[in-house]
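Listing of run.txt; format and content: compact mmCIF, C-alpha atoms.
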```txt
# COMPACT_ATOMS: atom_id res chain seq x y z
CA ALA O 1 15.43 100.80 76.64
CA ARG O 2 17.68 102.41 79.12
CA PRO O 3 16.88 102.04 82.78
CA ALA O 4 16.01 105.42 84.13
CA GLY O 5 18.64 107.08 86.24
CA SER O 6 21.58 104.99 85.03
CA MET O 7 24.69 106.92 84.30
CA GLU O 8 25.97 106.77 80.77
CA THR O 9 29.71 107.24 80.62
CA PRO O 10 30.09 110.66 79.09
CA GLU O 11 31.63 110.71 75.63
CA VAL O 12 35.30 111.37 75.98
CA PRO O 13 36.13 113.99 73.38
CA ALA O 14 38.80 112.86 70.98
CA ALA O 15 42.18 114.35 71.78
CA THR O 16 42.75 117.48 69.76
CA TYR O 17 46.04 118.93 68.84
CA GLU O 18 47.31 121.38 66.36
CA ARG O 19 50.52 120.90 64.49
CA ARG O 20 52.40 123.88 63.16
CA VAL O 21 55.36 123.53 60.88
CA VAL O 22 57.48 126.65 60.64
CA ARG O 23 59.61 126.61 57.53
CA SER O 24 60.81 130.18 57.79
CA GLY O 25 62.82 129.30 60.83
CA ALA O 26 64.39 131.69 63.23
CA GLU O 27 65.10 135.32 62.53
CA HIS O 28 68.75 135.23 63.54
CA HIS O 29 71.56 132.72 63.37
CA TYR O 30 74.33 132.55 65.94
CA LEU O 31 77.93 131.54 65.23
CA ARG O 32 80.66 130.77 67.70
CA VAL O 33 83.92 131.60 65.95
CA ARG O 34 87.57 131.75 66.85
CA LEU O 35 90.15 133.86 65.11
CA GLU O 36 93.52 132.19 64.70
CA LEU O 37 96.50 134.52 64.60
CA PRO O 38 99.55 132.26 64.54
CA ASP O 39 102.05 135.08 64.99
CA GLY O 40 102.19 136.29 68.55
CA GLY O 41 101.35 139.87 67.80
CA ALA O 42 98.91 142.31 69.37
CA ARG O 43 95.40 140.98 69.70
CA PRO O 44 92.53 142.96 68.18
CA SER O 45 90.11 144.70 70.51
CA VAL O 46 86.40 144.08 70.19
CA ALA O 47 85.95 147.12 67.92
CA GLN O 48 88.81 145.99 65.69
CA PHE O 49 87.32 142.51 65.63
CA LYS O 50 83.98 143.82 64.39
CA GLN O 51 85.77 145.99 61.86
CA LEU O 52 87.56 142.87 60.63
CA VAL O 53 84.28 140.97 60.20
CA VAL O 54 82.66 143.86 58.34
CA SER O 55 85.68 144.36 56.09
CA ALA O 56 85.66 140.63 55.25
CA LEU O 57 82.03 141.00 54.20
CA ARG O 58 82.85 144.10 52.20
CA GLU O 59 85.64 142.35 50.29
CA LEU O 60 83.60 139.35 49.29
CA HIS O 61 80.11 140.77 49.06
CA GLY O 62 80.58 144.50 48.56
CA GLU O 63 78.64 147.30 50.20
CA VAL O 64 75.54 145.11 50.32
CA GLY O 65 77.41 142.54 52.37
CA ALA O 66 78.98 145.13 54.63
CA ALA O 67 75.51 146.46 55.41
CA LEU O 68 74.31 143.10 56.78
CA PRO O 69 73.20 143.42 60.41
CA VAL O 70 75.98 141.52 62.19
CA ASP O 71 76.46 141.80 65.95
CA VAL O 72 79.32 140.65 68.14
CA LEU O 73 77.51 139.40 71.21
CA THR O 74 80.54 138.31 73.22
CA TYR O 75 84.26 138.59 72.65
CA GLU O 76 87.17 137.17 74.58
CA GLU O 77 90.40 138.92 73.73
CA LYS O 78 92.50 136.25 75.40
CA THR O 79 91.22 133.36 73.28
CA LEU O 80 90.08 135.51 70.34
CA SER O 81 86.74 133.73 70.31
CA ALA O 82 83.42 135.44 69.82
CA ILE O 83 79.73 134.81 69.34
CA LEU O 84 78.30 136.52 66.30
CA ARG O 85 74.67 137.08 65.48
CA VAL O 86 73.47 137.60 61.93
CA ILE O 87 70.11 137.83 60.27
CA SER O 88 69.22 134.40 58.89
CA SER O 89 69.14 135.49 55.25
CA GLY O 90 72.74 136.67 55.62
CA LEU O 91 74.22 133.52 57.15
CA VAL O 92 75.70 132.22 53.90
CA LYS O 93 77.26 135.58 53.09
CA LEU O 94 78.80 135.94 56.55
CA TRP O 95 80.13 132.39 56.73
CA SER O 96 81.64 132.55 53.25
CA ALA O 97 83.24 135.91 53.99
CA LEU O 98 84.79 134.61 57.23
CA THR O 99 86.03 131.50 55.46
CA LEU O 100 87.81 133.46 52.77
CA LEU O 101 89.42 136.02 55.03
CA GLY O 102 93.17 135.56 55.03
CA PHE O 103 94.80 138.66 56.44
CA TYR O 104 94.43 140.96 59.41
CA GLN O 105 96.70 144.02 59.15
CA ASN O 106 98.97 142.10 56.81
CA ARG O 107 99.25 139.24 59.27
CA ARG O 108 98.11 135.79 58.27
CA CYS O 109 94.92 134.78 60.05
CA ALA O 110 92.03 132.32 59.79
CA PHE O 111 88.52 132.15 61.16
CA ARG O 112 87.37 128.83 62.61
CA VAL O 113 83.63 128.41 62.97
CA LEU O 114 83.14 126.19 66.01
CA GLN O 115 79.35 126.08 66.34
CA THR O 116 76.34 127.51 64.64
CA SER O 117 72.68 127.40 65.54
CA PRO O 118 69.47 129.37 65.17
CA PHE O 119 69.18 129.26 68.96
CA LEU O 120 71.61 131.03 71.22
CA LEU O 121 71.06 128.51 73.98
CA ALA O 122 72.46 125.74 71.82
CA LEU O 123 75.85 127.44 71.81
CA SER O 124 76.23 127.03 75.53
CA GLY O 125 77.10 123.35 75.27
CA ASN O 126 79.53 121.79 72.87
CA SER O 127 79.77 118.02 72.74
CA ARG O 128 82.99 118.21 70.75
CA GLU O 129 84.86 119.77 73.61
CA LEU O 130 83.19 117.63 76.23
CA VAL O 131 85.65 116.01 78.60
CA LEU O 132 84.46 112.77 80.08
CA ASP O 133 86.01 111.86 83.40
CA GLU Y 1 69.47 120.66 26.83
CA LEU Y 2 68.35 123.95 28.33
CA ALA Y 3 69.51 126.96 26.35
CA LEU Y 4 71.92 129.32 28.02
CA SER Y 5 69.51 131.96 29.32
CA ARG Y 6 70.62 135.52 29.13
CA ARG Y 7 69.08 138.81 30.07
CA TYR Y 8 69.52 141.98 28.06
CA LEU Y 9 69.35 145.32 29.86
CA LEU Y 10 68.61 148.39 27.84
CA CYS Y 11 69.98 151.53 29.51
CA GLU Y 12 70.40 155.19 28.75
CA VAL Y 13 73.41 157.26 29.73
CA VAL Y 14 72.19 160.49 31.34
CA SER Y 15 74.69 163.27 31.79
CA GLU Y 16 74.59 167.02 32.30
CA ASP Y 17 77.95 167.43 30.62
CA PRO Y 18 77.70 167.20 26.82
CA ARG Y 19 81.34 166.13 26.62
CA CYS Y 20 80.36 162.86 28.27
CA ARG Y 21 79.16 161.62 24.85
CA GLN Y 22 82.70 161.09 23.70
CA CYS Y 23 83.23 158.66 26.57
CA ILE Y 24 80.34 156.46 25.52
CA GLU Y 25 82.22 153.50 24.08
CA ASP Y 26 82.09 149.81 24.96
CA ARG Y 27 85.32 149.62 26.89
CA ALA Y 28 84.59 152.66 29.04
CA VAL Y 29 81.00 151.62 29.76
CA GLY Y 30 82.01 148.02 30.43
CA LEU Y 31 84.69 149.09 32.91
CA ALA Y 32 82.35 151.51 34.66
CA VAL Y 33 79.70 148.82 35.06
CA ARG Y 34 82.23 146.26 36.33
CA ASP Y 35 83.60 148.78 38.80
CA ALA Y 36 80.12 149.49 40.12
CA ILE Y 37 79.36 145.77 40.53
CA GLU Y 38 82.60 145.27 42.43
CA ARG Y 39 81.82 148.12 44.79
CA VAL Y 40 78.24 147.06 45.48
CA HIS Y 41 78.49 143.25 45.39
CA GLY Y 42 82.15 142.56 46.02
CA ASP Y 43 84.39 139.90 44.52
CA TYR Y 44 81.61 137.32 44.48
CA GLY Y 45 79.17 139.57 42.64
CA LEU Y 46 81.78 140.65 40.11
CA ALA Y 47 82.78 137.07 39.41
CA CYS Y 48 79.16 135.95 38.98
CA CYS Y 49 78.20 138.75 36.62
CA SER Y 50 81.42 138.70 34.61
CA ILE Y 51 80.69 135.24 33.26
CA SER Y 52 78.74 136.61 30.36
CA LEU Y 53 78.87 140.37 30.76
CA THR Y 54 79.25 142.33 27.55
CA VAL Y 55 78.13 145.56 25.99
CA LYS Y 56 76.17 144.30 23.00
CA TYR Y 57 75.12 147.58 21.43
CA LEU Y 58 76.03 151.19 21.92
CA ASN Y 59 74.76 154.42 20.42
CA ALA Y 60 76.75 157.47 21.42
CA TYR Y 61 74.29 159.91 19.85
CA THR Y 62 71.30 158.79 21.88
CA GLY Y 63 73.32 157.41 24.80
CA THR Y 64 71.67 154.00 24.49
CA VAL Y 65 73.55 150.99 25.85
CA LEU Y 66 72.54 147.34 25.65
CA LEU Y 67 74.16 145.11 28.28
CA ARG Y 68 74.03 141.32 28.41
CA CYS Y 69 74.45 139.04 31.40
CA ARG Y 70 73.44 135.62 32.66
CA LYS Y 71 69.80 135.28 33.65
CA ASP Y 72 70.69 133.99 37.13
CA PHE Y 73 72.68 137.07 38.00
CA TYR Y 74 70.87 139.87 36.24
CA ARG Y 75 69.56 141.15 39.57
CA LEU Y 76 73.11 141.79 40.73
CA LEU Y 77 73.76 143.78 37.57
CA CYS Y 78 70.43 145.64 37.77
CA SER Y 79 70.98 146.73 41.34
CA ALA Y 80 74.53 147.92 40.65
CA LEU Y 81 73.66 150.17 37.68
CA PRO Y 82 72.47 153.14 39.80
CA PHE Y 83 75.95 153.19 41.35
CA VAL Y 84 77.70 154.05 38.08
CA ARG Y 85 78.86 157.60 38.68
CA GLN Y 86 81.25 158.46 35.90
CA LEU Y 87 82.58 157.31 32.56
CA GLU Y 88 86.31 157.39 31.95
CA SER Y 89 88.02 157.21 28.61
CA ARG Y 90 91.41 158.44 27.32
CA ASN Y 91 92.17 159.94 30.75
CA GLN Y 92 89.01 162.02 30.67
CA ARG Y 93 86.24 161.38 33.14
CA TYR Y 94 82.80 162.90 33.22
CA PRO Y 95 79.98 162.39 35.71
CA CYS Y 96 76.92 160.57 34.46
CA SER Y 97 74.28 158.03 35.49
CA LEU Y 98 72.65 155.02 33.86
CA ARG Y 99 68.89 154.81 33.54
CA THR Y 100 67.46 151.34 32.96
CA LEU Y 101 64.82 151.44 30.23
CA HIS Y 102 63.96 147.79 29.65
CA VAL Y 103 64.95 144.26 30.58
CA GLY Y 104 64.40 141.60 27.94
CA GLY Y 105 65.24 137.99 27.31
CA THR Y 106 66.37 138.47 23.73
CA ILE Y 107 67.92 141.23 21.69
CA ARG Y 108 64.82 141.36 19.53
CA THR Y 109 62.49 142.36 22.39
CA CYS Y 110 64.89 145.09 23.42
CA GLN Y 111 65.08 146.25 19.82
CA LYS Y 112 61.29 146.49 19.54
CA PHE Y 113 61.11 148.44 22.79
CA LEU Y 114 63.89 150.77 21.70
CA ILE Y 115 62.12 151.61 18.47
CA GLN Y 116 58.91 152.48 20.26
CA TYR Y 117 60.83 154.45 22.86
CA ASN Y 118 62.77 156.42 20.28
CA ARG Y 119 59.57 157.15 18.41
CA ARG Y 120 58.02 158.56 21.59
CA GLN Y 121 61.15 160.60 22.28
CA LEU Y 122 61.04 162.06 18.77
CA LEU Y 123 57.39 163.01 19.28
CA MET Y 124 58.30 164.78 22.49
CA LEU Y 125 61.13 166.60 20.74
CA LEU Y 126 58.70 167.58 18.00
CA GLN Y 127 56.46 169.21 20.57
CA ASN Y 128 59.35 171.19 21.99
CA CYS Y 129 60.64 172.35 18.61
CA THR Y 130 61.45 176.01 18.26
CA ASN Y 131 61.92 176.49 14.52
CA GLU Y 132 60.55 175.09 11.31
CA GLU Y 133 63.82 173.55 10.13
CA GLU Y 134 64.09 171.32 13.19
CA ARG Y 135 60.44 170.40 12.85
CA ARG Y 136 60.87 169.19 9.31
CA CYS Y 137 63.96 167.16 10.21
CA ILE Y 138 62.23 165.42 13.04
CA GLN Y 139 59.13 164.71 11.02
CA LYS Y 140 61.25 163.12 8.34
CA SER Y 141 62.98 160.89 10.92
CA LEU Y 142 59.69 159.86 12.47
CA LEU Y 143 58.23 158.79 9.16
CA SER Y 144 61.24 156.73 8.28
CA CYS Y 145 61.76 154.64 11.40
CA SER Y 146 60.92 151.00 11.08
CA LEU Y 147 62.24 147.55 11.93
CA THR Y 148 63.80 146.01 8.87
CA GLU Y 149 63.54 142.24 8.73
CA GLU Y 150 66.93 140.90 7.80
CA GLN Y 151 67.32 137.65 5.88
CA PRO Y 152 66.45 134.79 8.26
CA GLN Y 153 69.59 133.93 10.18
CA SER Y 154 70.58 130.37 10.81
CA GLY Y 155 71.45 129.64 14.41
CA ASP Y 156 70.98 132.19 17.14
CA GLU Y 157 69.14 135.39 16.56
CA GLU Y 158 71.68 137.38 18.47
CA ASP Y 159 73.14 138.83 15.33
CA ASP Y 160 69.97 140.69 14.46
CA ASP Y 161 70.79 144.34 14.13
CA GLY Y 162 68.11 146.01 12.10
CA ILE Y 163 67.51 149.21 14.04
CA GLU Y 164 67.03 152.27 11.88
```

Structure rendered as structure tokens:
Amino acid sequence: ARPAGSMETPEVPAATYERRVVRSGAEHHYLRVRLELPDGGARPSVAQFKQLVVSALRELHGEVGAALPVDVLTYEEKTLSAILRVISSGLVKLWSALTLLGFYQNRRCAFRVLQTSPFLLALSGNSRELVLD
Amino acid sequence: ELALSRRYLLCEVVSEDPRCRQCIEDRAVGLAVRDAIERVHGDYGLACCSISLTVKYLNAYTGTVLLRCRKDFYRLLCSALPFVRQLESRNQRYPCSLRTLHVGGTIRTCQKFLIQYNRRQLLMLLQNCTNEEERRCIQKSLLSCSLTEEQPQSGDEEDDDGIE
């Protein structure tokens, strides 16, 4: 028998949480790339750079590859480095096309992919180029 | 252990120019298809499809073509066929297009489909006949089409060729 008026500790509801696992991932993938042009010739402008990327896709993957939505988000003409954005389903096509590109206007060139991530924020830091004092 | 899976695509060459029929031969069709794959899917697509790409059967009178490719890459081939624009042979080129009629896993299924399809085509021609002579010819053809069973082959059934 409970004494009247005593306070029962209220039932603490069990902690609830919901766990969601997203397998489809992000919509876009971001790549930080650098174009290496060993001969000291004229550097491509941003439009020529995009044309180069699209023509690489067209060579390896045809019109279907060239139609992939690829965007050049940033481009530095001085260092020839850029951040590309591509739809996630097209990442493999883009990366393979950049890897196999060998010539720009009959000049030897190579694409180096420095970082890749489904999140743009992740490209802001690079532990490989971190300089520790 | 797993058999080498192939896909057979049955297509029809559609052309407004009647002279295109003389271009319907395996080399010309094969080159046209390869060219279309290279344009649409690039070097990678061409290399994938070319592994096992052949023209297995060809009928210049009806414009029927049977193509074979690997099962894993038949989608690349299928999607490139609408981009075939012309057939070229002996320095003559004529505009045409390829219509896909049927996709099968074996030659036999494509054969069965082709027989039914041809029968239906003959019936349609019969309806559109203008004179009695044509009518009799077509009726004779209709009554005589059948699938002859060849002697059982040992090994693969790819050599079956009993279309009448």

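Closest approach to chain O among Y:Cys23, Y:Ala3, Y:Val84, Y:Leu76: Y:Leu76, based on only C-alpha atoms.
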
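Using all atoms listed in the file, the chain Y residues found within 8 Å of chain O amount to Glu38, Arg39, Val40, His41, Gly42, Asp43, Tyr44 and Gly45 of chain Y.
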
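Among the candidates Y:Leu123, Y:Val55, Y:Cys48, Y:Leu10, the one nearest to Ile24 in chain Y when counting all atoms listed in the file is Y:Val55.
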
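Among the candidates O:Ile87, O:Leu132, O:Leu101, O:Leu114, the residue lying nearest to Glu27 in chain O is O:Ile87 (atoms considered: only C-alpha atoms).
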
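With only C-alpha atoms taken into account, every residue lying no more than 10 Å from the file point (67.7, 140.2, 27.1) is included here: Y:Ser5, Y:Arg6, Y:Arg7, Y:Tyr8, Y:Leu9, Y:Leu10, Y:Leu66, Y:Leu67, Y:Arg68, Y:Cys69, Y:Arg70, Y:Lys71, Y:Tyr74, Y:His102, Y:Val103, Y:Gly104, Y:Gly105, Y:Thr106, Y:Ile107, Y:Arg108, Y:Thr109, Y:Cys110, Y:Gln111, Y:Glu158.
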
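Across the structure, CA of Asn118 in chain Y and CA of Glu25 in chain Y are spaced 20.0 Å apart.
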
Open item on the list: Can you measure CA of Val14 in chain Y to CA of Ser141 in chain Y for me? One decimal in Å is fine.
Closed with: 22.4 Å

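The coordinates place CA of Val86 in chain O at 4.7 Å from CA of Val70 in chain O.
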
All residues 12 Å or closer to Glu12 in chain Y, all atoms listed in the file, same chain fewer than 4 positions away omitted, as a short mmCIF file (atom, residue, chain, number, x, y, z; two decimals) with C-alpha atoms, in the frame of the given file:
```cif
data_model
loop_
_atom_site.label_atom_id
_atom_site.label_comp_id
_atom_site.auth_asym_id
_atom_site.auth_seq_id
_atom_site.Cartn_x
_atom_site.Cartn_y
_atom_site.Cartn_z
CA ARG Y 21 79.16 161.62 24.85
CA ILE Y 24 80.34 156.46 25.52
CA VAL Y 29 81.00 151.62 29.76
CA TYR Y 57 75.12 147.58 21.43
CA LEU Y 58 76.03 151.19 21.92
CA ASN Y 59 74.76 154.42 20.42
CA ALA Y 60 76.75 157.47 21.42
CA TYR Y 61 74.29 159.91 19.85
CA THR Y 62 71.30 158.79 21.88
CA GLY Y 63 73.32 157.41 24.80
CA THR Y 64 71.67 154.00 24.49
CA VAL Y 65 73.55 150.99 25.85
CA LEU Y 66 72.54 147.34 25.65
CA LEU Y 67 74.16 145.11 28.28
CA LEU Y 81 73.66 150.17 37.68
CA PRO Y 82 72.47 153.14 39.80
CA VAL Y 84 77.70 154.05 38.08
CA CYS Y 96 76.92 160.57 34.46
CA SER Y 97 74.28 158.03 35.49
CA LEU Y 98 72.65 155.02 33.86
CA ARG Y 99 68.89 154.81 33.54
CA THR Y 100 67.46 151.34 32.96
CA LEU Y 101 64.82 151.44 30.23
CA HIS Y 102 63.96 147.79 29.65
CA LEU Y 114 63.89 150.77 21.70
CA TYR Y 117 60.83 154.45 22.86
CA ASN Y 118 62.77 156.42 20.28
#
```

TODO: May I have the residues within 12 Å of Met124 in chain Y as a ChimeraX atom specification, using all atoms listed in the file and disregarding those fewer than 4 positions away in the same chain?
DONE: /Y:117-120,128-129,135,138-139,142

TODO: Rank O:Leu91, O:Ile83, O:Val54, O:Leu68 by their smallest atom-to-atom distance to Arg112 in chain O, using all atoms listed in the file, and report the top residue only.
DONE: O:Ile83

Open item on the list: Would you pick out the contacts of range 17-20 of chain Y at 8 Å or less, using only C-alpha atoms, so that residues sharing its chain but fewer than 6 positions from it are not included, and give the list as number ranges by chain?
Closed with: Y: 87, 93-96

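The smallest atom-to-atom distance between Val13 in chain Y and any of Y:Ser79, Y:Gln86, Y:Phe73, Y:Lys56, using all atoms listed in the file, is found for Y:Gln86.
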
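Distance check against Ala32 in chain Y using only C-alpha atoms: of Y:Ala80, Y:Leu4, Y:Cys137, Y:Leu143, the minimum falls on Y:Ala80.
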
Since the input is missing atoms for range 66-83 of chain O, could you rebuild it with N, CA, C and O atoms and give the result as a PDB file, in the frame of the given file?
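Listing of result29.pdb after writing:
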```pdb
ATOM      1  N   ALA O  66      78.526 144.388  53.457  1.00  0.00           N
ATOM      2  CA  ALA O  66      78.980 145.130  54.630  1.00  0.00           C
ATOM      3  C   ALA O  66      77.813 145.719  55.396  1.00  0.00           C
ATOM      4  O   ALA O  66      77.935 146.018  56.574  1.00  0.00           O
ATOM      5  N   ALA O  67      76.665 145.875  54.734  1.00  0.00           N
ATOM      6  CA  ALA O  67      75.510 146.460  55.410  1.00  0.00           C
ATOM      7  C   ALA O  67      74.674 145.415  56.129  1.00  0.00           C
ATOM      8  O   ALA O  67      73.662 145.752  56.738  1.00  0.00           O
ATOM      9  N   LEU O  68      75.049 144.149  56.068  1.00  0.00           N
ATOM     10  CA  LEU O  68      74.310 143.100  56.780  1.00  0.00           C
ATOM     11  C   LEU O  68      74.337 143.383  58.275  1.00  0.00           C
ATOM     12  O   LEU O  68      75.380 143.713  58.829  1.00  0.00           O
ATOM     13  N   PRO O  69      73.190 143.205  58.955  1.00  0.00           N
ATOM     14  CA  PRO O  69      73.200 143.420  60.410  1.00  0.00           C
ATOM     15  C   PRO O  69      73.929 142.275  61.111  1.00  0.00           C
ATOM     16  O   PRO O  69      73.370 141.206  61.283  1.00  0.00           O
ATOM     17  N   VAL O  70      75.197 142.510  61.458  1.00  0.00           N
ATOM     18  CA  VAL O  70      75.980 141.520  62.190  1.00  0.00           C
ATOM     19  C   VAL O  70      76.308 142.104  63.552  1.00  0.00           C
ATOM     20  O   VAL O  70      76.709 143.250  63.657  1.00  0.00           O
ATOM     21  N   ASP O  71      76.135 141.326  64.605  1.00  0.00           N
ATOM     22  CA  ASP O  71      76.460 141.800  65.950  1.00  0.00           C
ATOM     23  C   ASP O  71      77.451 140.864  66.594  1.00  0.00           C
ATOM     24  O   ASP O  71      77.381 139.657  66.425  1.00  0.00           O
ATOM     25  N   VAL O  72      78.401 141.450  67.336  1.00  0.00           N
ATOM     26  CA  VAL O  72      79.320 140.650  68.140  1.00  0.00           C
ATOM     27  C   VAL O  72      78.729 140.614  69.543  1.00  0.00           C
ATOM     28  O   VAL O  72      78.712 141.624  70.235  1.00  0.00           O
ATOM     29  N   LEU O  73      78.195 139.461  69.918  1.00  0.00           N
ATOM     30  CA  LEU O  73      77.510 139.400  71.210  1.00  0.00           C
ATOM     31  C   LEU O  73      78.486 139.288  72.364  1.00  0.00           C
ATOM     32  O   LEU O  73      78.321 139.927  73.393  1.00  0.00           O
ATOM     33  N   THR O  74      79.503 138.421  72.196  1.00  0.00           N
ATOM     34  CA  THR O  74      80.540 138.310  73.220  1.00  0.00           C
ATOM     35  C   THR O  74      81.886 138.244  72.513  1.00  0.00           C
ATOM     36  O   THR O  74      81.964 137.835  71.356  1.00  0.00           O
ATOM     37  N   TYR O  75      82.904 138.647  73.218  1.00  0.00           N
ATOM     38  CA  TYR O  75      84.260 138.590  72.650  1.00  0.00           C
ATOM     39  C   TYR O  75      85.248 138.392  73.773  1.00  0.00           C
ATOM     40  O   TYR O  75      85.186 139.079  74.794  1.00  0.00           O
ATOM     41  N   GLU O  76      86.124 137.397  73.583  1.00  0.00           N
ATOM     42  CA  GLU O  76      87.170 137.170  74.580  1.00  0.00           C
ATOM     43  C   GLU O  76      88.497 137.464  73.923  1.00  0.00           C
ATOM     44  O   GLU O  76      88.922 136.732  73.017  1.00  0.00           O
ATOM     45  N   GLU O  77      89.150 138.536  74.378  1.00  0.00           N
ATOM     46  CA  GLU O  77      90.400 138.920  73.730  1.00  0.00           C
ATOM     47  C   GLU O  77      91.486 137.888  73.938  1.00  0.00           C
ATOM     48  O   GLU O  77      92.326 137.654  73.074  1.00  0.00           O
ATOM     49  N   LYS O  78      91.429 137.197  75.071  1.00  0.00           N
ATOM     50  CA  LYS O  78      92.500 136.250  75.400  1.00  0.00           C
ATOM     51  C   LYS O  78      92.499 135.080  74.425  1.00  0.00           C
ATOM     52  O   LYS O  78      93.536 134.656  73.923  1.00  0.00           O
ATOM     53  N   THR O  79      91.292 134.533  74.157  1.00  0.00           N
ATOM     54  CA  THR O  79      91.220 133.360  73.280  1.00  0.00           C
ATOM     55  C   THR O  79      90.818 133.741  71.867  1.00  0.00           C
ATOM     56  O   THR O  79      90.780 132.876  70.996  1.00  0.00           O
ATOM     57  N   LEU O  80      90.520 135.039  71.646  1.00  0.00           N
ATOM     58  CA  LEU O  80      90.080 135.510  70.340  1.00  0.00           C
ATOM     59  C   LEU O  80      88.848 134.757  69.840  1.00  0.00           C
ATOM     60  O   LEU O  80      88.708 134.492  68.655  1.00  0.00           O
ATOM     61  N   SER O  81      87.960 134.391  70.770  1.00  0.00           N
ATOM     62  CA  SER O  81      86.740 133.730  70.310  1.00  0.00           C
ATOM     63  C   SER O  81      85.561 134.645  70.579  1.00  0.00           C
ATOM     64  O   SER O  81      85.565 135.457  71.509  1.00  0.00           O
ATOM     65  N   ALA O  82      84.542 134.530  69.748  1.00  0.00           N
ATOM     66  CA  ALA O  82      83.420 135.440  69.820  1.00  0.00           C
ATOM     67  C   ALA O  82      82.142 134.720  69.416  1.00  0.00           C
ATOM     68  O   ALA O  82      82.185 133.660  68.788  1.00  0.00           O
ATOM     69  N   ILE O  83      81.026 135.306  69.812  1.00  0.00           N
ATOM     70  CA  ILE O  83      79.730 134.810  69.340  1.00  0.00           C
ATOM     71  C   ILE O  83      79.134 135.907  68.463  1.00  0.00           C
ATOM     72  O   ILE O  83      78.984 137.049  68.909  1.00  0.00           O
TER      73      ILE O  83
END
```
